[in-house]
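What follows is the content of model-v7.txt, which has compact mmCIF, N, CA and C atoms:
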# COMPACT_ATOMS: atom_id res chain seq x y z
N MET A 1 -24.92 -5.75 1.10
CA MET A 1 -25.22 -4.93 -0.05
C MET A 1 -26.67 -4.46 0.01
N ALA A 2 -27.57 -5.32 0.51
CA ALA A 2 -28.98 -4.93 0.60
C ALA A 2 -29.16 -3.76 1.56
N LEU A 3 -28.49 -3.81 2.71
CA LEU A 3 -28.57 -2.71 3.67
C LEU A 3 -28.02 -1.42 3.07
N CYS A 4 -26.91 -1.54 2.36
CA CYS A 4 -26.31 -0.37 1.73
C CYS A 4 -27.26 0.24 0.70
N LYS A 5 -27.87 -0.61 -0.09
CA LYS A 5 -28.80 -0.12 -1.12
C LYS A 5 -29.98 0.58 -0.47
N LYS A 6 -30.50 -0.02 0.60
CA LYS A 6 -31.65 0.55 1.31
C LYS A 6 -31.32 1.92 1.90
N LYS A 7 -30.10 2.09 2.40
CA LYS A 7 -29.69 3.33 3.06
C LYS A 7 -29.00 4.32 2.10
N GLY A 8 -28.83 3.93 0.83
CA GLY A 8 -28.18 4.80 -0.14
C GLY A 8 -26.67 4.89 0.06
N LEU A 9 -26.07 3.80 0.51
CA LEU A 9 -24.64 3.75 0.77
C LEU A 9 -23.92 3.02 -0.35
N VAL A 10 -22.62 3.23 -0.45
CA VAL A 10 -21.82 2.57 -1.47
C VAL A 10 -21.00 1.47 -0.80
N TYR A 11 -21.13 0.25 -1.32
CA TYR A 11 -20.40 -0.91 -0.82
C TYR A 11 -19.25 -1.20 -1.78
N THR A 12 -18.04 -1.30 -1.25
CA THR A 12 -16.87 -1.63 -2.08
C THR A 12 -16.10 -2.73 -1.37
N ARG A 13 -15.54 -3.63 -2.17
CA ARG A 13 -14.76 -4.72 -1.59
C ARG A 13 -13.53 -4.96 -2.43
N TYR A 14 -12.41 -5.17 -1.74
CA TYR A 14 -11.17 -5.58 -2.39
C TYR A 14 -10.68 -6.79 -1.63
N VAL A 15 -10.78 -7.95 -2.25
CA VAL A 15 -10.48 -9.25 -1.66
C VAL A 15 -11.33 -9.40 -0.40
N ASP A 16 -10.74 -9.26 0.79
CA ASP A 16 -11.53 -9.41 2.02
C ASP A 16 -11.70 -8.11 2.79
N ASP A 17 -11.34 -7.00 2.17
CA ASP A 17 -11.51 -5.69 2.79
C ASP A 17 -12.79 -5.05 2.27
N VAL A 18 -13.70 -4.73 3.17
CA VAL A 18 -14.98 -4.15 2.82
C VAL A 18 -14.99 -2.69 3.27
N THR A 19 -15.45 -1.81 2.39
CA THR A 19 -15.60 -0.41 2.72
C THR A 19 -17.02 0.02 2.37
N ILE A 20 -17.64 0.73 3.29
CA ILE A 20 -18.98 1.26 3.06
C ILE A 20 -18.88 2.76 3.23
N SER A 21 -19.37 3.49 2.24
CA SER A 21 -19.28 4.94 2.29
C SER A 21 -20.61 5.58 1.94
N GLY A 22 -20.79 6.78 2.42
CA GLY A 22 -22.02 7.50 2.14
C GLY A 22 -22.07 8.79 2.92
N GLY A 23 -23.14 9.51 2.75
CA GLY A 23 -23.27 10.83 3.35
C GLY A 23 -23.97 10.86 4.70
N ILE A 24 -23.98 9.74 5.42
CA ILE A 24 -24.62 9.71 6.74
C ILE A 24 -23.65 9.16 7.78
N ASP A 25 -23.96 9.40 9.04
CA ASP A 25 -23.17 8.84 10.14
C ASP A 25 -23.55 7.37 10.26
N MET A 26 -22.59 6.49 10.04
CA MET A 26 -22.87 5.05 10.06
C MET A 26 -22.58 4.39 11.40
N ARG A 27 -22.10 5.15 12.37
CA ARG A 27 -21.77 4.57 13.68
C ARG A 27 -22.96 3.84 14.31
N PRO A 28 -24.18 4.38 14.21
CA PRO A 28 -25.33 3.66 14.79
C PRO A 28 -25.60 2.30 14.13
N MET A 29 -25.07 2.08 12.94
CA MET A 29 -25.28 0.81 12.23
C MET A 29 -24.16 -0.19 12.47
N ARG A 30 -23.22 0.14 13.33
CA ARG A 30 -22.07 -0.72 13.60
C ARG A 30 -22.50 -2.17 13.88
N GLY A 31 -23.41 -2.34 14.81
CA GLY A 31 -23.88 -3.67 15.17
C GLY A 31 -24.49 -4.41 13.99
N ALA A 32 -25.28 -3.71 13.19
CA ALA A 32 -25.91 -4.33 12.02
C ALA A 32 -24.86 -4.79 11.02
N PHE A 33 -23.85 -3.96 10.79
CA PHE A 33 -22.77 -4.35 9.87
C PHE A 33 -22.07 -5.62 10.36
N ILE A 34 -21.71 -5.64 11.63
CA ILE A 34 -21.01 -6.79 12.20
C ILE A 34 -21.88 -8.04 12.12
N ASP A 35 -23.16 -7.92 12.46
CA ASP A 35 -24.08 -9.07 12.41
C ASP A 35 -24.19 -9.63 10.99
N ILE A 36 -24.28 -8.75 10.00
CA ILE A 36 -24.41 -9.19 8.61
C ILE A 36 -23.16 -9.94 8.17
N VAL A 37 -22.00 -9.42 8.50
CA VAL A 37 -20.74 -10.08 8.12
C VAL A 37 -20.62 -11.44 8.79
N ARG A 38 -20.92 -11.49 10.08
CA ARG A 38 -20.84 -12.78 10.82
C ARG A 38 -21.88 -13.77 10.32
N HIS A 39 -23.08 -13.30 10.00
CA HIS A 39 -24.13 -14.17 9.49
C HIS A 39 -23.73 -14.79 8.15
N ALA A 40 -22.90 -14.07 7.40
CA ALA A 40 -22.41 -14.59 6.11
C ALA A 40 -21.27 -15.58 6.30
N GLY A 41 -20.87 -15.80 7.56
CA GLY A 41 -19.83 -16.79 7.83
C GLY A 41 -18.42 -16.23 7.93
N PHE A 42 -18.30 -14.93 8.02
CA PHE A 42 -16.99 -14.29 8.12
C PHE A 42 -16.80 -13.71 9.50
N SER A 43 -15.57 -13.38 9.82
CA SER A 43 -15.29 -12.74 11.10
C SER A 43 -14.93 -11.27 10.85
N VAL A 44 -15.13 -10.48 11.87
CA VAL A 44 -14.83 -9.05 11.80
C VAL A 44 -13.62 -8.79 12.67
N SER A 45 -12.63 -8.19 12.10
CA SER A 45 -11.43 -7.81 12.84
C SER A 45 -11.71 -6.45 13.49
N GLU A 46 -12.00 -6.48 14.79
CA GLU A 46 -12.40 -5.25 15.50
C GLU A 46 -11.36 -4.15 15.39
N ASP A 47 -10.06 -4.52 15.36
CA ASP A 47 -9.02 -3.50 15.28
C ASP A 47 -8.96 -2.84 13.89
N LYS A 48 -9.59 -3.46 12.89
CA LYS A 48 -9.60 -2.88 11.54
C LYS A 48 -10.90 -2.12 11.26
N LEU A 49 -11.88 -2.25 12.13
CA LEU A 49 -13.16 -1.60 11.93
C LEU A 49 -13.02 -0.12 12.30
N LYS A 50 -13.22 0.75 11.31
CA LYS A 50 -13.02 2.19 11.53
C LYS A 50 -14.17 2.97 10.92
N PHE A 51 -14.56 3.99 11.62
CA PHE A 51 -15.55 4.93 11.11
C PHE A 51 -14.83 6.26 10.94
N THR A 52 -14.90 6.83 9.77
CA THR A 52 -14.15 8.06 9.48
C THR A 52 -15.10 9.11 8.92
N ASP A 53 -15.00 10.31 9.46
CA ASP A 53 -15.79 11.43 8.94
C ASP A 53 -15.21 11.91 7.62
N CYS A 54 -16.03 12.60 6.85
CA CYS A 54 -15.59 13.06 5.53
C CYS A 54 -14.42 14.03 5.60
N CYS A 55 -14.29 14.76 6.69
CA CYS A 55 -13.20 15.74 6.78
C CYS A 55 -11.90 15.11 7.30
N ASP A 56 -11.96 13.85 7.77
CA ASP A 56 -10.77 13.15 8.24
C ASP A 56 -10.09 12.41 7.10
N ARG A 57 -8.84 12.07 7.30
CA ARG A 57 -8.10 11.28 6.31
C ARG A 57 -8.69 9.87 6.27
N GLN A 58 -9.13 9.45 5.12
CA GLN A 58 -9.76 8.15 4.94
C GLN A 58 -8.81 7.23 4.19
N VAL A 59 -8.35 6.17 4.88
CA VAL A 59 -7.40 5.23 4.29
C VAL A 59 -8.09 3.88 4.14
N VAL A 60 -8.05 3.36 2.91
CA VAL A 60 -8.64 2.05 2.60
C VAL A 60 -7.58 1.24 1.87
N THR A 61 -7.25 0.08 2.40
CA THR A 61 -6.22 -0.82 1.85
C THR A 61 -4.94 -0.07 1.50
N GLY A 62 -4.53 0.84 2.39
CA GLY A 62 -3.27 1.56 2.21
C GLY A 62 -3.33 2.75 1.28
N LEU A 63 -4.53 3.09 0.81
CA LEU A 63 -4.69 4.23 -0.08
C LEU A 63 -5.56 5.29 0.57
N VAL A 64 -5.19 6.55 0.41
CA VAL A 64 -6.02 7.66 0.85
C VAL A 64 -7.09 7.85 -0.22
N VAL A 65 -8.36 7.87 0.20
CA VAL A 65 -9.45 7.90 -0.78
C VAL A 65 -10.33 9.15 -0.67
N ASN A 66 -9.93 10.14 0.11
CA ASN A 66 -10.79 11.32 0.33
C ASN A 66 -11.21 12.01 -0.96
N ASP A 67 -10.28 12.72 -1.58
CA ASP A 67 -10.63 13.50 -2.76
C ASP A 67 -10.17 12.82 -4.04
N ARG A 68 -9.06 12.12 -3.94
CA ARG A 68 -8.55 11.34 -5.08
C ARG A 68 -7.76 10.17 -4.50
N LEU A 69 -7.58 9.16 -5.30
CA LEU A 69 -6.87 7.96 -4.87
C LEU A 69 -5.36 8.21 -4.87
N ARG A 70 -4.70 7.93 -3.74
CA ARG A 70 -3.25 8.07 -3.67
C ARG A 70 -2.71 7.26 -2.50
N PRO A 71 -1.47 6.79 -2.61
CA PRO A 71 -0.86 6.06 -1.49
C PRO A 71 -0.66 7.01 -0.31
N THR A 72 -0.55 6.44 0.88
CA THR A 72 -0.34 7.27 2.06
C THR A 72 1.04 7.92 2.01
N LYS A 73 1.19 9.03 2.69
CA LYS A 73 2.48 9.72 2.76
C LYS A 73 3.52 8.82 3.39
N GLU A 74 3.10 8.02 4.37
CA GLU A 74 4.03 7.11 5.04
C GLU A 74 4.56 6.05 4.07
N TYR A 75 3.67 5.50 3.24
CA TYR A 75 4.08 4.49 2.26
C TYR A 75 5.08 5.09 1.27
N LEU A 76 4.75 6.29 0.78
CA LEU A 76 5.63 6.95 -0.19
C LEU A 76 6.99 7.27 0.41
N ALA A 77 7.00 7.78 1.64
CA ALA A 77 8.27 8.14 2.30
C ALA A 77 9.13 6.90 2.51
N LYS A 78 8.52 5.79 2.93
CA LYS A 78 9.27 4.56 3.16
C LYS A 78 9.84 4.02 1.84
N LEU A 79 9.03 4.05 0.78
CA LEU A 79 9.48 3.57 -0.52
C LEU A 79 10.66 4.41 -1.02
N LYS A 80 10.55 5.72 -0.95
CA LYS A 80 11.64 6.59 -1.41
C LYS A 80 12.90 6.37 -0.57
N ARG A 81 12.71 6.24 0.74
CA ARG A 81 13.86 6.01 1.63
C ARG A 81 14.56 4.69 1.28
N THR A 82 13.79 3.66 1.03
CA THR A 82 14.35 2.35 0.69
C THR A 82 15.10 2.41 -0.63
N ILE A 83 14.52 3.08 -1.62
CA ILE A 83 15.18 3.21 -2.92
C ILE A 83 16.51 3.94 -2.76
N ARG A 84 16.50 5.03 -2.02
CA ARG A 84 17.74 5.80 -1.84
C ARG A 84 18.80 5.00 -1.08
N ARG A 85 18.36 4.16 -0.16
CA ARG A 85 19.32 3.31 0.55
C ARG A 85 20.03 2.36 -0.43
N CYS A 86 19.35 1.99 -1.50
CA CYS A 86 19.91 1.05 -2.48
C CYS A 86 20.89 1.71 -3.45
N TRP A 87 20.98 3.01 -3.44
CA TRP A 87 21.92 3.70 -4.32
C TRP A 87 23.34 3.28 -3.96
N PRO A 88 24.22 3.15 -4.94
CA PRO A 88 25.60 2.70 -4.69
C PRO A 88 26.37 3.59 -3.71
N GLU A 89 26.09 4.90 -3.71
CA GLU A 89 26.81 5.78 -2.79
C GLU A 89 26.28 5.66 -1.35
N ASN A 90 25.17 4.97 -1.17
CA ASN A 90 24.63 4.71 0.16
C ASN A 90 24.95 3.26 0.53
N GLU A 91 23.97 2.50 0.94
CA GLU A 91 24.25 1.11 1.34
C GLU A 91 24.37 0.16 0.16
N GLY A 92 23.65 0.43 -0.90
CA GLY A 92 23.70 -0.42 -2.09
C GLY A 92 22.61 -1.48 -2.09
N LEU A 93 22.23 -1.89 -3.28
CA LEU A 93 21.16 -2.87 -3.47
C LEU A 93 21.45 -4.18 -2.75
N TYR A 94 22.65 -4.69 -2.89
CA TYR A 94 23.00 -5.98 -2.32
C TYR A 94 22.78 -6.00 -0.81
N THR A 95 23.27 -4.97 -0.12
CA THR A 95 23.17 -4.90 1.34
C THR A 95 21.72 -4.79 1.80
N VAL A 96 20.95 -3.93 1.15
CA VAL A 96 19.56 -3.73 1.55
C VAL A 96 18.74 -4.99 1.25
N ALA A 97 18.98 -5.62 0.11
CA ALA A 97 18.27 -6.85 -0.24
C ALA A 97 18.52 -7.94 0.80
N LEU A 98 19.76 -8.09 1.22
CA LEU A 98 20.09 -9.09 2.24
C LEU A 98 19.35 -8.82 3.55
N GLU A 99 19.22 -7.56 3.89
CA GLU A 99 18.50 -7.18 5.10
C GLU A 99 17.05 -7.67 5.06
N TYR A 100 16.47 -7.70 3.87
CA TYR A 100 15.10 -8.18 3.68
C TYR A 100 15.04 -9.69 3.43
N GLY A 101 16.20 -10.32 3.39
CA GLY A 101 16.24 -11.76 3.15
C GLY A 101 15.99 -12.14 1.71
N LEU A 102 16.32 -11.25 0.79
CA LEU A 102 16.08 -11.49 -0.64
C LEU A 102 17.36 -11.37 -1.43
N PHE A 103 17.38 -11.99 -2.60
CA PHE A 103 18.46 -11.78 -3.54
C PHE A 103 18.27 -10.40 -4.17
N PRO A 104 19.34 -9.76 -4.62
CA PRO A 104 19.21 -8.43 -5.21
C PRO A 104 18.18 -8.35 -6.33
N GLY A 105 18.14 -9.33 -7.22
CA GLY A 105 17.17 -9.31 -8.31
C GLY A 105 15.73 -9.38 -7.81
N GLU A 106 15.51 -10.20 -6.78
CA GLU A 106 14.18 -10.32 -6.18
C GLU A 106 13.76 -9.00 -5.53
N PHE A 107 14.72 -8.40 -4.82
CA PHE A 107 14.42 -7.14 -4.13
C PHE A 107 14.14 -6.03 -5.14
N LEU A 108 14.90 -6.00 -6.21
CA LEU A 108 14.69 -5.01 -7.27
C LEU A 108 13.30 -5.19 -7.89
N SER A 109 12.90 -6.44 -8.10
CA SER A 109 11.56 -6.71 -8.63
C SER A 109 10.48 -6.24 -7.67
N MET A 110 10.71 -6.45 -6.38
CA MET A 110 9.75 -6.00 -5.37
C MET A 110 9.61 -4.47 -5.41
N LEU A 111 10.74 -3.78 -5.49
CA LEU A 111 10.71 -2.31 -5.56
C LEU A 111 9.99 -1.85 -6.82
N LYS A 112 10.27 -2.49 -7.95
CA LYS A 112 9.60 -2.13 -9.20
C LYS A 112 8.09 -2.34 -9.08
N GLY A 113 7.68 -3.39 -8.39
CA GLY A 113 6.26 -3.64 -8.16
C GLY A 113 5.62 -2.55 -7.32
N GLN A 114 6.33 -2.10 -6.29
CA GLN A 114 5.81 -1.04 -5.43
C GLN A 114 5.71 0.28 -6.21
N VAL A 115 6.70 0.56 -7.03
CA VAL A 115 6.66 1.77 -7.86
C VAL A 115 5.50 1.65 -8.87
N GLY A 116 5.31 0.47 -9.42
CA GLY A 116 4.20 0.24 -10.35
C GLY A 116 2.85 0.44 -9.68
N PHE A 117 2.76 0.03 -8.41
CA PHE A 117 1.52 0.23 -7.64
C PHE A 117 1.24 1.73 -7.51
N VAL A 118 2.25 2.51 -7.16
CA VAL A 118 2.09 3.96 -7.04
C VAL A 118 1.66 4.54 -8.38
N LYS A 119 2.33 4.10 -9.45
CA LYS A 119 2.02 4.61 -10.80
C LYS A 119 0.60 4.25 -11.21
N SER A 120 0.08 3.11 -10.75
CA SER A 120 -1.27 2.69 -11.13
C SER A 120 -2.35 3.59 -10.54
N VAL A 121 -2.06 4.25 -9.42
CA VAL A 121 -3.05 5.15 -8.83
C VAL A 121 -2.72 6.62 -9.05
N ASP A 122 -1.45 6.93 -9.33
CA ASP A 122 -1.03 8.32 -9.60
C ASP A 122 0.15 8.26 -10.56
N CYS A 123 -0.15 8.36 -11.85
CA CYS A 123 0.85 8.16 -12.89
C CYS A 123 2.05 9.10 -12.76
N ALA A 124 1.80 10.37 -12.55
CA ALA A 124 2.89 11.35 -12.46
C ALA A 124 3.77 11.07 -11.25
N LEU A 125 3.17 10.79 -10.12
CA LEU A 125 3.92 10.48 -8.91
C LEU A 125 4.75 9.21 -9.11
N GLY A 126 4.15 8.21 -9.74
CA GLY A 126 4.86 6.96 -10.02
C GLY A 126 6.07 7.18 -10.92
N ARG A 127 5.90 8.03 -11.93
CA ARG A 127 7.04 8.34 -12.82
C ARG A 127 8.16 9.03 -12.05
N ASN A 128 7.79 9.94 -11.17
CA ASN A 128 8.81 10.64 -10.37
C ASN A 128 9.58 9.69 -9.48
N ILE A 129 8.88 8.76 -8.86
CA ILE A 129 9.56 7.80 -7.99
C ILE A 129 10.39 6.83 -8.82
N LYS A 130 9.89 6.48 -9.99
CA LYS A 130 10.63 5.57 -10.87
C LYS A 130 11.99 6.17 -11.26
N ARG A 131 12.04 7.48 -11.37
CA ARG A 131 13.32 8.15 -11.69
C ARG A 131 14.38 7.88 -10.62
N LEU A 132 13.94 7.69 -9.39
CA LEU A 132 14.88 7.38 -8.31
C LEU A 132 15.53 6.00 -8.49
N MET A 133 14.85 5.13 -9.24
CA MET A 133 15.32 3.76 -9.43
C MET A 133 16.49 3.67 -10.40
N VAL A 134 16.70 4.71 -11.21
CA VAL A 134 17.72 4.66 -12.27
C VAL A 134 19.10 4.31 -11.71
N LYS A 135 19.45 4.91 -10.60
CA LYS A 135 20.77 4.63 -10.02
C LYS A 135 20.90 3.17 -9.59
N ILE A 136 19.81 2.57 -9.17
CA ILE A 136 19.86 1.17 -8.73
C ILE A 136 20.02 0.26 -9.93
N GLU A 137 19.24 0.50 -10.96
CA GLU A 137 19.24 -0.38 -12.12
C GLU A 137 20.57 -0.35 -12.86
N LYS A 138 21.33 0.73 -12.69
CA LYS A 138 22.64 0.80 -13.34
C LYS A 138 23.74 0.23 -12.46
N THR A 139 23.39 -0.17 -11.25
CA THR A 139 24.36 -0.73 -10.33
C THR A 139 24.72 -2.14 -10.78
N PRO A 140 26.00 -2.45 -10.92
CA PRO A 140 26.35 -3.82 -11.31
C PRO A 140 25.93 -4.81 -10.24
N ARG A 141 25.41 -5.92 -10.67
CA ARG A 141 24.99 -6.96 -9.74
C ARG A 141 26.20 -7.75 -9.28
N ARG A 142 26.24 -8.06 -8.02
CA ARG A 142 27.35 -8.82 -7.48
C ARG A 142 27.15 -10.30 -7.80
N SER A 143 28.22 -10.95 -8.09
CA SER A 143 28.15 -12.38 -8.32
C SER A 143 29.38 -13.02 -7.68
N SER A 144 29.33 -14.30 -7.54
CA SER A 144 30.48 -14.98 -6.95
C SER A 144 30.65 -16.33 -7.61
N VAL A 145 31.83 -16.86 -7.45
CA VAL A 145 32.12 -18.19 -7.98
C VAL A 145 32.89 -18.94 -6.91
N SER A 146 32.61 -20.20 -6.79
CA SER A 146 33.30 -21.02 -5.81
C SER A 146 34.18 -22.02 -6.58
N LEU A 147 35.47 -21.93 -6.39
CA LEU A 147 36.39 -22.84 -7.07
C LEU A 147 36.90 -23.87 -6.06
N LEU A 148 36.61 -25.09 -6.31
CA LEU A 148 37.03 -26.15 -5.39
C LEU A 148 38.25 -26.86 -5.90
Is it possible to express this structure as structure tokens?
Amino acid sequence: MALCKKKGLVYTRYVDDVTISGGIDMRPMRGAFIDIVRHAGFSVSEDKLKFTDCCDRQVVTGLVVNDRLRPTKEYLAKLKRTIRRCWPENEGLYTVALEYGLFPGEFLSMLKGQVGFVKSVDCALGRNIKRLMVKIEKTPRRSSVSLL
């Protein structure tokens, strides 16, 4: 944080993900950043260390942060595809949930959480995706009984 303040950079952290942003080329400071993190007792995952120009797509913790906060197109496409697979006229909730190793109720909760995540960063987009969930929520849940 001291280096960032000295250079006029913005330091942001989410759990163990650190992002430093500003209006200068930070590549020459790569070594200094790594040394500071290691000196604090942490390790640096070299494959996660990225320098991105302002005109490039900037992704931080799965969110595009360039002009406004939004989930990546890949995340949104996968979520919509998964929801549609759960529709009764497609594979259905039960089948898709089993594929993930979850009970249907658990899988539905997971999907609702993902939709909630989208809604938390882009309310209108989250509402649109939530509309896709209606067919799933109206799907009767399968149950079974074992008679001995």
### Query
What is the atom C of Arg131 (chain A) to atom C of Leu79 (chain A) distance in Å?
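Atom-to-atom, atom C of Arg131 (chain A) to atom C of Leu79 (chain A), that is 10.9 Å.
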### Query
Near Met1 (chain A), counting only C-alpha atoms, which residues have an atom at most 9 Å away, once you skip same-chain residues fewer than 6 positions from it, shown as a ChimeraX atom specification?
/A:9-11
### Message
Can you tell me, as a list in words, which residues in region 36-133 of chain A count as strand (DSSP E or B) by DSSP?
### Response
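Checking each residue of region 36-133 of chain A, the strand (DSSP E or B) ones are Val59, Val60, Leu63, Val64, Arg70 and Pro71 of chain A.
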### Task
Can you check which residues of region 31-146 of chain A DSSP gives as alpha helix (DSSP H) on the backbone and send them as a PyMOL selection string?
chain A and resi 31-39+73-85+93-99+104-121+123-132+134-137
### Summary
Between A:Pro88, A:Gly62, A:Pro71, A:Gly8, smallest distance to Gly22 (chain A) by only C-alpha atoms belongs to A:Gly8
### Message
Excluding Asp53 (chain A) and its own-chain neighbours fewer than 2 positions away, which residues fall within 12 Å of it when counting only C-alpha atoms? Please give them as a ChimeraX atom specification.
### Response
/A:21-27,50-51,55-59,66
Serialized selection, N, CA and C atoms, as a compact mmCIF listing (two decimals), keeping the file's coordinate frame:
# COMPACT_ATOMS: atom_id res chain seq x y z
N SER A 21 -19.37 3.49 2.24
CA SER A 21 -19.28 4.94 2.29
C SER A 21 -20.61 5.58 1.94
N GLY A 22 -20.79 6.78 2.42
CA GLY A 22 -22.02 7.50 2.14
C GLY A 22 -22.07 8.79 2.92
N GLY A 23 -23.14 9.51 2.75
CA GLY A 23 -23.27 10.83 3.35
C GLY A 23 -23.97 10.86 4.70
N ILE A 24 -23.98 9.74 5.42
CA ILE A 24 -24.62 9.71 6.74
C ILE A 24 -23.65 9.16 7.78
N ASP A 25 -23.96 9.40 9.04
CA ASP A 25 -23.17 8.84 10.14
C ASP A 25 -23.55 7.37 10.26
N MET A 26 -22.59 6.49 10.04
CA MET A 26 -22.87 5.05 10.06
C MET A 26 -22.58 4.39 11.40
N ARG A 27 -22.10 5.15 12.37
CA ARG A 27 -21.77 4.57 13.68
C ARG A 27 -22.96 3.84 14.31
N LYS A 50 -13.22 0.75 11.31
CA LYS A 50 -13.02 2.19 11.53
C LYS A 50 -14.17 2.97 10.92
N PHE A 51 -14.56 3.99 11.62
CA PHE A 51 -15.55 4.93 11.11
C PHE A 51 -14.83 6.26 10.94
N CYS A 55 -14.29 14.76 6.69
CA CYS A 55 -13.20 15.74 6.78
C CYS A 55 -11.90 15.11 7.30
N ASP A 56 -11.96 13.85 7.77
CA ASP A 56 -10.77 13.15 8.24
C ASP A 56 -10.09 12.41 7.10
N ARG A 57 -8.84 12.07 7.30
CA ARG A 57 -8.10 11.28 6.31
C ARG A 57 -8.69 9.87 6.27
N GLN A 58 -9.13 9.45 5.12
CA GLN A 58 -9.76 8.15 4.94
C GLN A 58 -8.81 7.23 4.19
N VAL A 59 -8.35 6.17 4.88
CA VAL A 59 -7.40 5.23 4.29
C VAL A 59 -8.09 3.88 4.14
N ASN A 66 -9.93 10.14 0.11
CA ASN A 66 -10.79 11.32 0.33
C ASN A 66 -11.21 12.01 -0.96
### Shell around Lys135 (chain A) at 8 Å using all atoms listed in the file, local window under 5 positions removed, as a ChimeraX atom specification
/A:86-88,130,140
### Task
May I have the residues within 9 Å of Val115 (chain A) as a PyMOL selection string, using only C-alpha atoms and disregarding those fewer than 5 positions away in the same chain?
chain A and resi 79+110+120+126-127+129-130
### Message
So, with all atoms listed in the file as the atoms that count, which of A:Ala124, A:Ala32, A:Leu49, A:Val96 lies closest to Thr82 (chain A)?
### Response
A:Val96
